[in-house]
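Visitor: Structure file target_30.cif (mmCIF, C-alpha atoms and all ligand atoms) is given on the next line.
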data_final
loop_
_atom_site.label_atom_id
_atom_site.label_comp_id
_atom_site.auth_asym_id
_atom_site.auth_seq_id
_atom_site.Cartn_x
_atom_site.Cartn_y
_atom_site.Cartn_z
CA MET A 1 -74.11 163.95 143.18
CA LYS A 2 -74.96 163.18 139.60
CA LYS A 3 -76.09 165.65 137.04
CA ILE A 4 -76.41 166.04 133.30
CA PHE A 5 -73.95 168.53 131.97
CA THR A 6 -72.67 169.69 128.64
CA SER A 7 -69.14 170.78 129.31
CA ILE A 8 -66.71 169.48 131.82
CA THR A 9 -63.43 170.66 133.10
CA PHE A 10 -61.46 167.81 134.58
CA SER A 11 -58.71 169.80 136.14
CA LEU A 12 -58.28 169.13 139.82
CA ALA A 13 -58.70 172.25 141.91
CA CYS A 14 -56.09 171.49 144.48
CA LEU A 15 -55.30 174.13 146.99
CA SER A 16 -51.72 174.24 148.05
CA ILE A 17 -49.74 176.31 150.45
CA THR A 18 -46.41 177.86 149.71
CA ALA A 19 -43.58 175.84 151.16
CA GLN A 20 -42.25 177.56 154.23
CA ASN A 21 -38.52 177.80 154.62
CA GLN A 22 -37.28 175.79 157.59
CA VAL A 23 -40.68 175.98 159.26
CA GLU A 24 -42.82 172.91 159.74
CA VAL A 25 -46.40 173.76 158.94
CA THR A 26 -49.50 171.62 158.94
CA PRO A 27 -50.62 171.50 155.31
CA LYS A 28 -54.18 171.87 154.19
CA ARG A 29 -55.29 168.48 152.88
CA LYS A 30 -54.10 168.13 149.30
CA CYS A 31 -54.66 164.99 147.29
CA ALA A 32 -52.71 165.07 144.04
CA THR A 33 -54.81 162.44 142.27
CA VAL A 34 -55.43 164.03 138.90
CA GLN A 35 -58.39 162.93 136.82
CA SER A 36 -57.74 161.68 133.33
CA ASN A 37 -58.20 164.04 130.40
CA VAL A 38 -61.73 164.60 129.09
CA PRO A 39 -61.94 161.86 126.40
CA GLN A 40 -60.38 159.24 128.70
CA GLN A 41 -62.59 160.16 131.63
CA ALA A 42 -65.68 160.16 129.43
CA ALA A 43 -64.76 156.72 128.04
CA PHE A 44 -64.17 155.34 131.53
CA GLU A 45 -67.53 156.67 132.69
CA GLN A 46 -69.24 155.21 129.63
CA TRP A 47 -67.87 151.80 130.59
CA MET A 48 -68.71 152.32 134.29
CA GLN A 49 -72.34 153.24 133.62
CA SER A 50 -72.70 150.18 131.38
CA ALA A 51 -71.20 147.92 134.08
CA LEU A 52 -73.50 149.36 136.75
CA LEU A 53 -76.54 148.91 134.50
CA LYS A 54 -75.61 145.27 133.98
CA ASP A 55 -75.26 144.80 137.75
CA ASN A 56 -78.63 146.40 138.41
CA GLN A 57 -80.40 144.14 135.91
CA PHE A 58 -79.34 141.21 138.08
CA ALA A 59 -79.84 142.99 141.38
CA ASN A 60 -83.14 141.39 142.25
CA SER A 61 -82.41 137.91 141.02
CA ARG A 62 -78.99 136.46 140.39
CA LYS A 63 -76.58 139.07 141.68
CA VAL A 64 -74.70 137.86 144.72
CA SER A 65 -72.67 140.17 146.89
CA VAL A 66 -68.97 139.50 146.66
CA VAL A 67 -66.43 140.02 149.41
CA TYR A 68 -63.00 140.80 148.01
CA THR A 69 -59.69 140.61 149.82
CA ILE A 70 -56.80 142.78 148.60
CA PRO A 71 -53.20 141.88 149.55
CA VAL A 72 -51.18 145.02 150.32
CA ILE A 73 -47.42 145.67 150.15
CA PHE A 74 -46.12 148.91 151.71
CA HIS A 75 -42.80 150.05 150.21
CA ILE A 76 -41.23 152.24 152.91
CA ILE A 77 -38.79 154.61 151.18
CA HIS A 78 -36.14 155.85 153.65
CA SER A 79 -32.55 157.00 153.93
CA GLY A 80 -31.23 154.79 156.72
CA THR A 81 -30.34 156.47 159.97
CA VAL A 82 -30.13 160.04 158.65
CA VAL A 83 -33.82 160.71 159.09
CA PRO A 84 -35.06 157.51 160.74
CA ALA A 85 -38.57 158.90 161.12
CA ARG A 86 -39.23 158.11 157.45
CA ASN A 87 -38.47 154.45 158.14
CA ILE A 88 -41.77 153.99 159.95
CA SER A 89 -42.49 151.10 162.30
CA GLN A 90 -44.33 147.88 161.60
CA ALA A 91 -46.83 148.92 164.29
CA GLN A 92 -47.64 152.07 162.29
CA VAL A 93 -48.20 150.05 159.10
CA ASN A 94 -50.31 147.52 160.99
CA SER A 95 -52.50 150.29 162.40
CA GLN A 96 -53.19 151.40 158.81
CA VAL A 97 -54.25 147.89 157.71
CA THR A 98 -56.69 147.77 160.62
CA ILE A 99 -58.11 151.19 159.65
CA LEU A 100 -58.56 150.12 156.00
CA ASN A 101 -60.48 147.04 157.12
CA ASN A 102 -62.68 148.91 159.56
CA ASP A 103 -63.48 151.72 157.11
CA TYR A 104 -64.13 149.51 154.06
CA ARG A 105 -66.38 147.20 156.13
CA HIS A 106 -68.31 150.10 157.73
CA LEU A 107 -67.08 149.09 161.18
CA SER A 108 -65.49 152.36 162.30
CA THR A 109 -66.60 153.57 165.71
CA ASP A 110 -66.17 157.16 164.48
CA PHE A 111 -69.22 156.78 162.22
CA SER A 112 -71.86 157.10 164.93
CA THR A 113 -70.05 160.10 166.40
CA TYR A 114 -69.88 162.14 163.20
CA VAL A 115 -72.95 161.05 161.18
CA THR A 116 -76.24 162.27 162.62
CA GLN A 117 -78.15 162.84 159.35
CA SER A 118 -80.57 159.94 158.80
CA SER A 119 -80.23 159.99 154.99
CA PHE A 120 -76.45 159.61 155.31
CA THR A 121 -76.88 156.76 157.78
CA THR A 122 -79.15 155.05 155.25
CA ALA A 123 -76.75 155.64 152.36
CA ALA A 124 -73.63 154.47 154.24
CA ALA A 125 -72.36 151.13 152.96
CA ASP A 126 -70.17 148.17 153.81
CA ILE A 127 -67.93 148.09 150.71
CA GLN A 128 -67.21 144.37 151.24
CA VAL A 129 -63.51 144.79 150.54
CA ASN A 130 -60.94 143.46 153.02
CA PHE A 131 -57.21 144.12 153.09
CA CYS A 132 -54.45 141.76 154.25
CA ALA A 133 -50.73 142.37 154.74
CA ALA A 134 -48.86 140.37 152.07
CA ASN A 135 -47.01 137.47 153.64
CA VAL A 136 -45.08 136.13 150.67
CA ASP A 137 -42.62 138.20 148.58
CA PRO A 138 -42.31 137.96 144.75
CA ASN A 139 -39.66 135.23 145.15
CA GLY A 140 -42.03 133.10 147.19
CA ASN A 141 -40.24 133.75 150.49
CA VAL A 142 -42.23 134.29 153.67
CA MET A 143 -41.65 137.86 154.79
CA VAL A 144 -40.11 138.81 158.13
CA GLU A 145 -42.44 141.80 158.37
CA PRO A 146 -45.74 140.98 156.62
CA GLY A 147 -46.82 143.76 154.25
CA ILE A 148 -43.55 145.69 154.43
CA GLU A 149 -40.59 146.20 152.07
CA ARG A 150 -37.98 148.65 153.37
CA VAL A 151 -36.09 150.49 150.63
CA ASN A 152 -32.95 152.52 151.41
CA VAL A 153 -32.53 155.17 148.70
CA ALA A 154 -28.72 155.13 149.06
CA THR A 155 -28.64 151.40 148.29
CA LYS A 156 -30.73 152.09 145.19
CA GLY A 157 -28.41 154.91 144.08
CA TRP A 158 -31.34 157.34 144.02
CA SER A 159 -31.42 161.09 144.70
CA ALA A 160 -31.77 162.17 148.31
CA LEU A 161 -35.29 162.42 149.75
CA PRO A 162 -37.74 164.20 149.67
CA TYR A 163 -39.25 163.55 146.23
CA ALA A 164 -41.67 165.32 143.89
CA THR A 165 -44.13 163.39 141.71
CA PRO A 166 -42.04 163.19 138.47
CA TYR A 167 -39.15 161.41 140.25
CA ILE A 168 -41.61 159.10 142.07
CA GLU A 169 -43.29 158.16 138.77
CA SER A 170 -40.08 157.73 136.74
CA THR A 171 -37.78 156.12 139.30
CA VAL A 172 -39.26 155.17 142.66
CA LYS A 173 -42.35 153.28 141.51
CA PRO A 174 -40.87 151.39 138.52
CA GLY A 175 -37.78 150.56 140.61
CA THR A 176 -39.71 148.93 143.46
CA ILE A 177 -43.17 147.84 142.28
CA TRP A 178 -44.23 144.26 143.03
CA ASP A 179 -46.45 142.45 140.50
CA PRO A 180 -49.56 144.69 140.51
CA THR A 181 -51.77 141.77 139.44
CA LYS A 182 -50.99 140.15 142.83
CA TYR A 183 -50.21 143.05 145.18
CA TYR A 184 -51.78 146.44 145.93
CA ASN A 185 -48.66 148.62 145.96
CA VAL A 186 -48.51 151.48 148.47
CA TRP A 187 -45.41 153.68 148.68
CA ILE A 188 -44.66 155.60 151.87
CA LEU A 189 -42.19 158.48 151.55
CA GLU A 190 -41.55 162.15 152.17
CA PHE A 191 -43.01 164.43 149.50
CA GLY A 192 -40.88 167.45 148.51
CA GLY A 193 -40.36 170.16 145.92
CA ALA A 194 -43.58 171.10 144.14
CA ASP A 195 -45.39 168.33 146.05
CA ALA A 196 -44.22 169.30 149.56
CA SER A 197 -47.81 169.85 150.70
CA THR A 198 -49.26 166.72 149.08
CA LEU A 199 -50.66 164.11 151.44
CA GLY A 200 -51.03 161.38 148.81
CA TYR A 201 -52.12 160.44 145.30
CA ALA A 202 -53.45 157.41 143.44
CA GLN A 203 -53.54 155.83 139.99
CA PHE A 204 -57.03 155.19 138.60
CA PRO A 205 -58.12 151.71 137.45
CA THR A 206 -57.92 150.51 133.86
CA VAL A 207 -60.75 148.88 131.92
CA PRO A 208 -59.67 145.79 129.95
CA SER A 209 -59.18 146.25 126.22
CA GLY A 210 -62.18 145.27 124.11
CA THR A 211 -64.69 145.68 126.92
CA ALA A 212 -67.96 146.89 125.45
CA PRO A 213 -68.87 149.67 124.91
CA VAL A 214 -65.30 150.89 125.12
CA THR A 215 -63.01 149.35 122.53
CA ASP A 216 -59.59 150.49 123.58
CA MET A 217 -59.06 151.39 127.19
CA VAL A 218 -55.63 149.88 127.77
CA GLY A 219 -53.53 152.22 129.83
CA GLN A 220 -56.45 154.52 130.59
CA GLY A 221 -55.72 154.46 134.28
CA GLY A 222 -51.96 154.41 133.85
CA SER A 223 -49.05 152.05 133.34
CA ALA A 224 -48.59 148.70 135.11
CA SER A 225 -45.19 149.91 136.33
CA THR A 226 -46.72 152.77 138.36
CA ASP A 227 -50.03 151.24 139.56
CA GLY A 228 -50.77 152.00 143.19
CA VAL A 229 -50.88 154.78 145.74
CA VAL A 230 -48.26 157.09 147.32
CA ILE A 231 -48.74 158.46 150.85
CA GLY A 232 -46.66 160.88 152.93
CA TYR A 233 -45.00 159.14 155.89
CA LYS A 234 -46.75 161.46 158.37
CA TYR A 235 -50.20 160.38 157.22
CA ILE A 236 -50.07 156.59 157.58
CA GLY A 237 -52.03 154.82 160.34
CA ASN A 238 -52.71 156.29 163.79
CA VAL A 239 -49.42 155.78 165.70
CA GLY A 240 -45.73 156.65 165.23
CA THR A 241 -44.86 159.55 162.88
CA VAL A 242 -48.50 160.34 162.20
CA SER A 243 -49.38 164.04 162.28
CA ALA A 244 -52.73 165.64 163.31
CA PRO A 245 -55.23 166.38 161.88
CA TYR A 246 -54.43 163.59 159.38
CA ASN A 247 -53.76 161.05 162.09
CA LYS A 248 -56.48 158.41 161.68
CA GLY A 249 -55.30 156.76 158.47
CA ARG A 250 -58.01 158.28 156.24
CA THR A 251 -55.54 159.56 153.60
CA LEU A 252 -54.98 155.99 152.38
CA VAL A 253 -58.71 155.20 152.71
CA HIS A 254 -59.37 158.21 150.39
CA GLU A 255 -56.59 157.36 147.88
CA THR A 256 -57.69 153.71 147.79
CA GLY A 257 -61.13 155.03 146.84
CA HIS A 258 -59.57 156.72 143.77
CA TRP A 259 -57.57 153.54 143.03
CA LEU A 260 -60.95 151.72 142.99
CA GLY A 261 -62.57 154.23 140.63
CA LEU A 262 -64.04 156.98 142.84
CA LEU A 263 -63.83 160.71 142.14
CA HIS A 264 -63.87 163.58 144.62
CA ILE A 265 -67.34 164.05 146.07
CA TRP A 266 -67.63 167.69 144.94
CA GLY A 267 -66.91 166.79 141.31
CA ASP A 268 -63.62 168.70 140.92
CA ASP A 269 -65.41 171.73 139.45
CA GLY A 270 -64.07 174.44 141.73
CA THR A 271 -67.06 175.74 143.69
CA SER A 272 -69.81 175.48 141.06
CA CYS A 273 -72.76 173.09 141.21
CA SER A 274 -72.24 171.68 137.70
CA GLY A 275 -69.54 169.06 138.32
CA THR A 276 -70.27 165.47 139.29
CA ASP A 277 -68.73 162.42 140.91
CA TYR A 278 -71.13 160.25 138.83
CA VAL A 279 -72.68 158.88 142.06
CA THR A 280 -76.41 159.36 142.62
CA ASP A 281 -76.57 159.09 146.42
CA THR A 282 -73.93 161.69 147.31
CA PRO A 283 -75.36 165.23 147.66
CA ASN A 284 -74.42 167.91 145.16
CA GLN A 285 -71.58 169.87 146.70
CA ALA A 286 -69.97 173.19 145.80
CA GLY A 287 -66.34 172.73 146.79
CA GLU A 288 -64.21 170.60 149.07
CA ASN A 289 -64.61 170.84 152.86
CA TYR A 290 -61.72 171.31 155.25
CA THR A 291 -61.44 170.62 159.00
CA CYS A 292 -64.58 169.35 160.85
CA PRO A 293 -67.58 171.32 162.14
CA SER A 294 -67.14 172.38 165.76
CA THR A 295 -70.13 170.25 166.75
CA ALA A 296 -69.81 166.54 165.99
CA GLY A 297 -72.24 165.50 163.27
CA ALA A 298 -73.54 169.03 162.59
CA VAL A 299 -75.42 169.71 159.34
CA VAL A 300 -73.30 171.73 156.91
CA THR A 301 -74.99 173.35 153.91
CA ASP A 302 -73.56 175.15 150.90
CA ALA A 303 -74.73 176.79 147.67
CA CYS A 304 -75.44 173.40 145.99
CA SER A 305 -77.12 171.68 148.99
CA ALA A 306 -78.74 174.50 150.89
CA SER A 307 -81.00 172.51 153.25
CA THR A 308 -80.82 169.49 155.57
CA PRO A 309 -79.04 167.06 155.36
CA GLY A 310 -76.61 169.39 153.56
CA VAL A 311 -73.30 168.20 152.17
CA ASN A 312 -71.69 164.88 153.06
CA TYR A 313 -68.43 166.26 154.51
CA GLN A 314 -68.16 162.95 156.41
CA ASN A 315 -67.47 161.15 153.11
CA PHE A 316 -64.01 159.65 152.62
CA MET A 317 -63.83 161.36 149.20
CA ASP A 318 -64.04 164.89 150.65
CA TYR A 319 -61.05 166.84 152.14
CA SER A 320 -62.24 166.97 155.77
CA ASP A 321 -59.94 166.14 158.69
CA ASP A 322 -59.40 162.46 159.41
CA LYS A 323 -61.56 162.31 162.52
CA CYS A 324 -64.85 163.22 160.79
CA MET A 325 -64.15 161.42 157.47
CA VAL A 326 -66.09 158.23 158.16
CA MET A 327 -68.24 156.84 155.33
CA PHE A 328 -68.73 155.67 151.74
CA THR A 329 -72.20 155.45 150.17
CA ALA A 330 -73.96 152.54 148.41
CA GLY A 331 -73.44 154.35 145.09
CA GLN A 332 -69.71 154.57 145.70
CA LYS A 333 -69.73 150.89 146.68
CA ALA A 334 -71.31 149.96 143.35
CA ARG A 335 -68.46 151.66 141.46
CA MET A 336 -65.76 149.99 143.56
CA GLN A 337 -67.40 146.56 143.26
CA ALA A 338 -67.62 147.02 139.46
CA VAL A 339 -63.91 147.86 139.35
CA MET A 340 -62.98 144.83 141.46
CA ALA A 341 -65.15 142.60 139.27
CA ASN A 342 -63.76 143.78 135.94
CA CYS A 343 -60.71 146.01 135.84
CA THR A 344 -57.19 145.15 134.82
CA ARG A 345 -54.89 144.55 137.83
CA ARG A 346 -57.87 144.71 140.24
CA LEU A 347 -59.87 141.56 139.41
CA SER A 348 -56.72 139.41 139.54
CA LEU A 349 -56.01 140.48 143.13
CA ASN A 350 -58.88 138.32 144.28
CA THR A 351 -57.06 135.16 143.21
CA SER A 352 -53.69 136.28 144.54
CA THR A 353 -52.27 133.90 147.15
CA VAL A 354 -49.60 136.24 148.58
CA CYS A 355 -51.40 136.54 151.91
CA SER A 356 -51.42 132.78 152.37
CA GLY A 357 -49.06 131.29 154.88
CA ASN A 358 -50.14 133.68 157.59
CA GLY A 359 -53.37 131.74 157.78
CA ILE A 360 -55.17 133.97 155.28
CA ASN A 361 -55.95 132.39 151.96
CA ASN A 362 -57.74 134.54 149.43
CA VAL A 363 -58.50 131.68 147.16
CA GLY A 364 -61.26 129.14 147.50
CA ILE A 365 -61.93 129.48 151.17
CA ALA A 366 -62.49 125.81 151.84
CA GLU A 367 -64.99 124.72 154.40
CA GLN A 368 -65.25 121.11 153.47
CA GLY A 369 -62.85 118.35 152.50
CA LEU A 370 -63.44 114.69 151.73
CA ASP A 371 -63.15 113.66 155.35
CA VAL A 372 -63.71 116.92 157.16
CA GLU A 373 -66.68 119.23 157.56
CA ILE A 374 -66.37 122.63 159.18
CA ASN A 375 -68.96 125.21 160.12
CA VAL A 376 -68.21 128.54 161.81
CA TYR A 377 -71.13 130.49 163.26
CA PRO A 378 -72.65 132.95 163.90
CA ASN A 379 -71.11 135.25 161.30
CA PRO A 380 -71.04 138.18 162.06
CA ALA A 381 -70.22 137.10 165.62
CA LYS A 382 -70.60 138.89 168.93
CA GLY A 383 -68.40 137.74 171.80
CA GLU A 384 -68.61 133.98 171.32
CA LEU A 385 -67.91 131.98 168.19
CA ASN A 386 -68.84 128.35 167.54
CA VAL A 387 -66.57 126.19 165.42
CA LYS A 388 -68.22 122.88 164.50
CA ILE A 389 -65.75 120.32 163.24
CA ASP A 390 -66.66 116.85 162.03
CA LEU A 391 -63.69 114.61 161.28
CA LEU A 392 -64.08 111.14 159.77
CA ASN A 393 -60.94 109.91 161.51
CA ALA A 394 -59.79 110.96 164.97
CA GLN A 395 -56.76 113.20 164.69
CA ASP A 396 -54.94 116.20 166.22
CA PHE A 397 -56.21 119.59 165.10
CA THR A 398 -55.60 123.27 165.84
CA ILE A 399 -58.10 126.12 165.59
CA SER A 400 -56.49 129.55 165.19
CA VAL A 401 -58.17 132.95 165.09
CA ILE A 402 -55.98 135.33 163.07
CA ASN A 403 -56.29 139.05 162.40
CA PRO A 404 -55.58 140.60 158.95
CA LEU A 405 -52.03 141.38 160.06
CA GLY A 406 -51.32 137.65 160.33
CA GLN A 407 -51.23 137.72 164.13
CA THR A 408 -52.78 134.77 165.97
CA VAL A 409 -55.07 136.17 168.65
CA LYS A 410 -56.49 132.84 169.88
CA GLU A 411 -55.40 129.24 169.49
CA ILE A 412 -57.05 126.00 170.65
CA LYS A 413 -55.52 122.55 170.20
CA GLN A 414 -57.20 119.17 170.53
CA ASN A 415 -55.58 115.75 170.43
CA GLN A 416 -56.95 112.64 168.73
CA SER A 417 -60.49 113.89 168.42
CA ASN A 418 -63.32 113.51 165.90
CA GLY A 419 -64.19 117.14 166.54
CA GLY A 420 -67.43 118.52 167.91
CA THR A 421 -68.48 122.08 168.63
CA VAL A 422 -65.76 124.26 170.11
CA LYS A 423 -66.80 127.55 171.66
CA ILE A 424 -64.25 130.35 171.36
CA ASP A 425 -64.52 133.43 173.56
CA LEU A 426 -63.65 136.55 171.55
CA SER A 427 -65.34 139.06 173.85
CA ASP A 428 -61.99 140.69 174.67
CA LYS A 429 -61.09 141.23 171.01
CA THR A 430 -61.70 144.45 169.08
CA SER A 431 -64.36 144.37 166.39
CA GLY A 432 -63.23 143.79 162.82
CA ILE A 433 -62.25 141.10 160.34
CA TYR A 434 -60.73 137.82 161.53
CA PHE A 435 -59.85 134.54 159.90
CA VAL A 436 -60.59 131.21 161.56
CA THR A 437 -58.13 128.58 160.41
CA ILE A 438 -58.41 124.88 161.18
CA LYS A 439 -55.29 122.79 160.64
CA CYS A 440 -55.54 119.02 160.73
CA LYS A 441 -54.13 115.95 158.96
CA SER A 442 -56.57 116.52 156.09
CA GLY A 443 -55.28 120.02 155.38
CA SER A 444 -55.77 123.64 156.32
CA PHE A 445 -59.18 125.31 156.10
CA SER A 446 -59.95 129.01 156.57
CA LYS A 447 -63.08 131.05 157.01
CA LYS A 448 -63.39 134.81 157.18
CA ILE A 449 -65.57 136.19 159.96
CA ILE A 450 -66.65 139.60 161.18
CA LEU A 451 -66.55 140.26 164.90
CA GLN A 452 -68.98 142.99 165.91
ZN ZN B 501 -58.35 162.71 146.20
#
Give the structure from the file, written as structure tokens.
Guide:
Amino acid sequence: MKKIFTSITFSLACLSITAQNQVEVTPKRKCATVQSNVPQQAAFEQWMQSALLKDNQFANSRKVSVVYTIPVIFHIIHSGTVVPARNISQAQVNSQVTILNNDYRHLSTDFSTYVTQSSFTTAAADIQVNFCAANVDPNGNVMVEPGIERVNVATKGWSALPYATPYIESTVKPGTIWDPTKYYNVWILEFGGADASTLGYAQFPTVPSGTAPVTDMVGQGGSASTDGVVIGYKYIGNVGTVSAPYNKGRTLVHETGHWLGLLHIWGDDGTSCSGTDYVTDTPNQAGENYTCPSTAGAVVTDACSASTPGVNYQNFMDYSDDKCMVMFTAGQKARMQAVMANCTRRLSLNTSTVCSGNGINNVGIAEQGLDVEINVYPNPAKGELNVKIDLLNAQDFTISVINPLGQTVKEIKQNQSNGGTVKIDLSDKTSGIYFVTIKCKSGSFSKKIILQ
């Protein structure tokens, strides 16, 4: 939805419910990501449109698609054994990493169930962003639980949980953040006070200072000490403490969209048709959608999109329930790719090495050394994968297939060999991102593959 407009109100129309005393209620989805004020938002959009224009000029010739990999650290904020549920399991965190990878690579099996409109199917995009659980902490130590830092609030001397946004911004984030140029920081905690019904919120990206046409954008998205996303502990992943209908990990998929420069699909203008998300291939939409239509994939229309295909309630940037929130568009991809290619504390993540050691190396995925040549095909793969290895000198080598959580799902060893073509059966593995790592005397070589 993209329109020309003369006046904008950038307040976020968040619906909230009154906190119920002693009664657990399922909240209506509420994302507390607040857009910047009008001059800042306008300046960011001026830069964004210029970046997209530059990309489009190269689209038919030199532009190459880039696959980014973002290392994630989840700070789990808990209070020991008093309410252990807040101290969520590694399995729950791992399930969220898998969901991020599936949704950002357009691999979710929910898509075909909930998207029946042909124009949405055409617009749906593989964002070409992967996520890996950080394996190395800021001191260079290999982590016992990849991607997880557990923080006991009593040890920190903090107030008792739950927390409202001001305390999170002033104390929790600055007191725990890992270098945001190397890690994507995600905090998991229990929201309370004025934010008791919030599911999550994000900090927007920042354009580097001096970037034409914007001359001073430093701090536009927020401070380095608070960069990242906060999610309620009941809305992470799809196992453990997760609570329906927000039980398929889409809250973090949505907040990560904001963190990569996306706005709400309805344009945050209440229910009018004048607001915009500055994306051309999302339909104009009156207000946010809640729940899912009773029929999977049904057309839903409103005052701003009154005929088929209707509004894109299946978009991750709407407020629908997790199960029917299943797609980003090509226009949204262009914004996120521009942010990853340019923005402060986003571009640098692509050269971060904190996922290395678990077999995943973000940097310079090497396929060839002086005395070794490696080819992995087909990619994307279906069922069987071929790994062609040509070694100048006979030696021992190991081929490992590793998922983004750092878990080895297949390993093949050969002794004193010059290589050859090794066939690896992956037909029993779930579809998604994997890393093929070859370790030999000449070094360690990794290649990212997609299993369909
Ligand atoms: Zn939001």
Visitor: Return the single residue from A:Asp318, A:Glu190, A:Asp137, A:Glu411 that is closest to Ser79 of chain A, with distances computed using all atoms listed in the file.
Guide: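 Of A:Asp318, A:Glu190, A:Asp137, A:Glu411, the one nearest Ser79 of chain A is A:Glu190, counting all atoms listed in the file.
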Visitor: Contacts of segment 123-125 of chain A at 7 Å or less, counting all atoms listed in the file, minus same-chain residues fewer than 2 places along, as a list in words?
Guide: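 Everything that qualifies: His106, Ser119, Phe120, Thr121, Ile127, Asp281, Met327, Phe328, Thr329, Ala330 and Lys333 of chain A.
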Visitor: Residues of chain A that have any atom at most 12 Å from an atom of ligand ZN 501 (chain B): could you tabulate them with the shortest-distance atom pair and the distance in Å to one decimal, using all atoms listed in the file, ordered by chain and increasing number, as JSON lines?
Guide:
{"residue": "A:Leu12", "atom": "CA", "partner": "B:ZN501", "partner_atom": "ZN", "distance": 9.1}
{"residue": "A:Ala13", "atom": "CA", "partner": "B:ZN501", "partner_atom": "ZN", "distance": 10.5}
{"residue": "A:Cys14", "atom": "CA", "partner": "B:ZN501", "partner_atom": "ZN", "distance": 9.2}
{"residue": "A:Leu15", "atom": "CA", "partner": "B:ZN501", "partner_atom": "ZN", "distance": 11.8}
{"residue": "A:Arg29", "atom": "CA", "partner": "B:ZN501", "partner_atom": "ZN", "distance": 9.3}
{"residue": "A:Lys30", "atom": "CA", "partner": "B:ZN501", "partner_atom": "ZN", "distance": 7.6}
{"residue": "A:Cys31", "atom": "CA", "partner": "B:ZN501", "partner_atom": "ZN", "distance": 4.5}
{"residue": "A:Ala32", "atom": "CA", "partner": "B:ZN501", "partner_atom": "ZN", "distance": 6.5}
{"residue": "A:Thr33", "atom": "CA", "partner": "B:ZN501", "partner_atom": "ZN", "distance": 5.3}
{"residue": "A:Val34", "atom": "CA", "partner": "B:ZN501", "partner_atom": "ZN", "distance": 8.0}
{"residue": "A:Gln35", "atom": "CA", "partner": "B:ZN501", "partner_atom": "ZN", "distance": 9.4}
{"residue": "A:Thr198", "atom": "CA", "partner": "B:ZN501", "partner_atom": "ZN", "distance": 10.3}
{"residue": "A:Leu199", "atom": "CA", "partner": "B:ZN501", "partner_atom": "ZN", "distance": 9.4}
{"residue": "A:Gly200", "atom": "CA", "partner": "B:ZN501", "partner_atom": "ZN", "distance": 7.9}
{"residue": "A:Tyr201", "atom": "CA", "partner": "B:ZN501", "partner_atom": "ZN", "distance": 6.7}
{"residue": "A:Ala202", "atom": "CA", "partner": "B:ZN501", "partner_atom": "ZN", "distance": 7.7}
{"residue": "A:Gln203", "atom": "CA", "partner": "B:ZN501", "partner_atom": "ZN", "distance": 10.4}
{"residue": "A:Phe204", "atom": "CA", "partner": "B:ZN501", "partner_atom": "ZN", "distance": 10.8}
{"residue": "A:Val229", "atom": "CA", "partner": "B:ZN501", "partner_atom": "ZN", "distance": 10.9}
{"residue": "A:Val230", "atom": "CA", "partner": "B:ZN501", "partner_atom": "ZN", "distance": 11.6}
{"residue": "A:Ile231", "atom": "CA", "partner": "B:ZN501", "partner_atom": "ZN", "distance": 11.5}
{"residue": "A:Arg250", "atom": "CA", "partner": "B:ZN501", "partner_atom": "ZN", "distance": 11.0}
{"residue": "A:Thr251", "atom": "CA", "partner": "B:ZN501", "partner_atom": "ZN", "distance": 8.5}
{"residue": "A:Leu252", "atom": "CA", "partner": "B:ZN501", "partner_atom": "ZN", "distance": 9.7}
{"residue": "A:Val253", "atom": "CA", "partner": "B:ZN501", "partner_atom": "ZN", "distance": 9.9}
{"residue": "A:His254", "atom": "CA", "partner": "B:ZN501", "partner_atom": "ZN", "distance": 6.2}
{"residue": "A:Glu255", "atom": "CA", "partner": "B:ZN501", "partner_atom": "ZN", "distance": 5.9}
{"residue": "A:Thr256", "atom": "CA", "partner": "B:ZN501", "partner_atom": "ZN", "distance": 9.2}
{"residue": "A:Gly257", "atom": "CA", "partner": "B:ZN501", "partner_atom": "ZN", "distance": 8.2}
{"residue": "A:His258", "atom": "CA", "partner": "B:ZN501", "partner_atom": "ZN", "distance": 6.6}
{"residue": "A:Trp259", "atom": "CA", "partner": "B:ZN501", "partner_atom": "ZN", "distance": 9.7}
{"residue": "A:Leu260", "atom": "CA", "partner": "B:ZN501", "partner_atom": "ZN", "distance": 11.7}
{"residue": "A:Gly261", "atom": "CA", "partner": "B:ZN501", "partner_atom": "ZN", "distance": 11.0}
{"residue": "A:Leu262", "atom": "CA", "partner": "B:ZN501", "partner_atom": "ZN", "distance": 8.7}
{"residue": "A:Leu263", "atom": "CA", "partner": "B:ZN501", "partner_atom": "ZN", "distance": 7.1}
{"residue": "A:His264", "atom": "CA", "partner": "B:ZN501", "partner_atom": "ZN", "distance": 5.8}
{"residue": "A:Ile265", "atom": "CA", "partner": "B:ZN501", "partner_atom": "ZN", "distance": 9.1}
{"residue": "A:Trp266", "atom": "CA", "partner": "B:ZN501", "partner_atom": "ZN", "distance": 10.6}
{"residue": "A:Gly267", "atom": "CA", "partner": "B:ZN501", "partner_atom": "ZN", "distance": 10.7}
{"residue": "A:Asp268", "atom": "CA", "partner": "B:ZN501", "partner_atom": "ZN", "distance": 9.6}
{"residue": "A:Asp277", "atom": "CA", "partner": "B:ZN501", "partner_atom": "ZN", "distance": 11.7}
{"residue": "A:Glu288", "atom": "CA", "partner": "B:ZN501", "partner_atom": "ZN", "distance": 10.2}
{"residue": "A:Asn315", "atom": "CA", "partner": "B:ZN501", "partner_atom": "ZN", "distance": 11.5}
{"residue": "A:Phe316", "atom": "CA", "partner": "B:ZN501", "partner_atom": "ZN", "distance": 9.1}
{"residue": "A:Met317", "atom": "CA", "partner": "B:ZN501", "partner_atom": "ZN", "distance": 6.4}
{"residue": "A:Asp318", "atom": "CA", "partner": "B:ZN501", "partner_atom": "ZN", "distance": 7.5}
{"residue": "A:Tyr319", "atom": "CA", "partner": "B:ZN501", "partner_atom": "ZN", "distance": 7.7}
{"residue": "A:Ser320", "atom": "CA", "partner": "B:ZN501", "partner_atom": "ZN", "distance": 11.2}
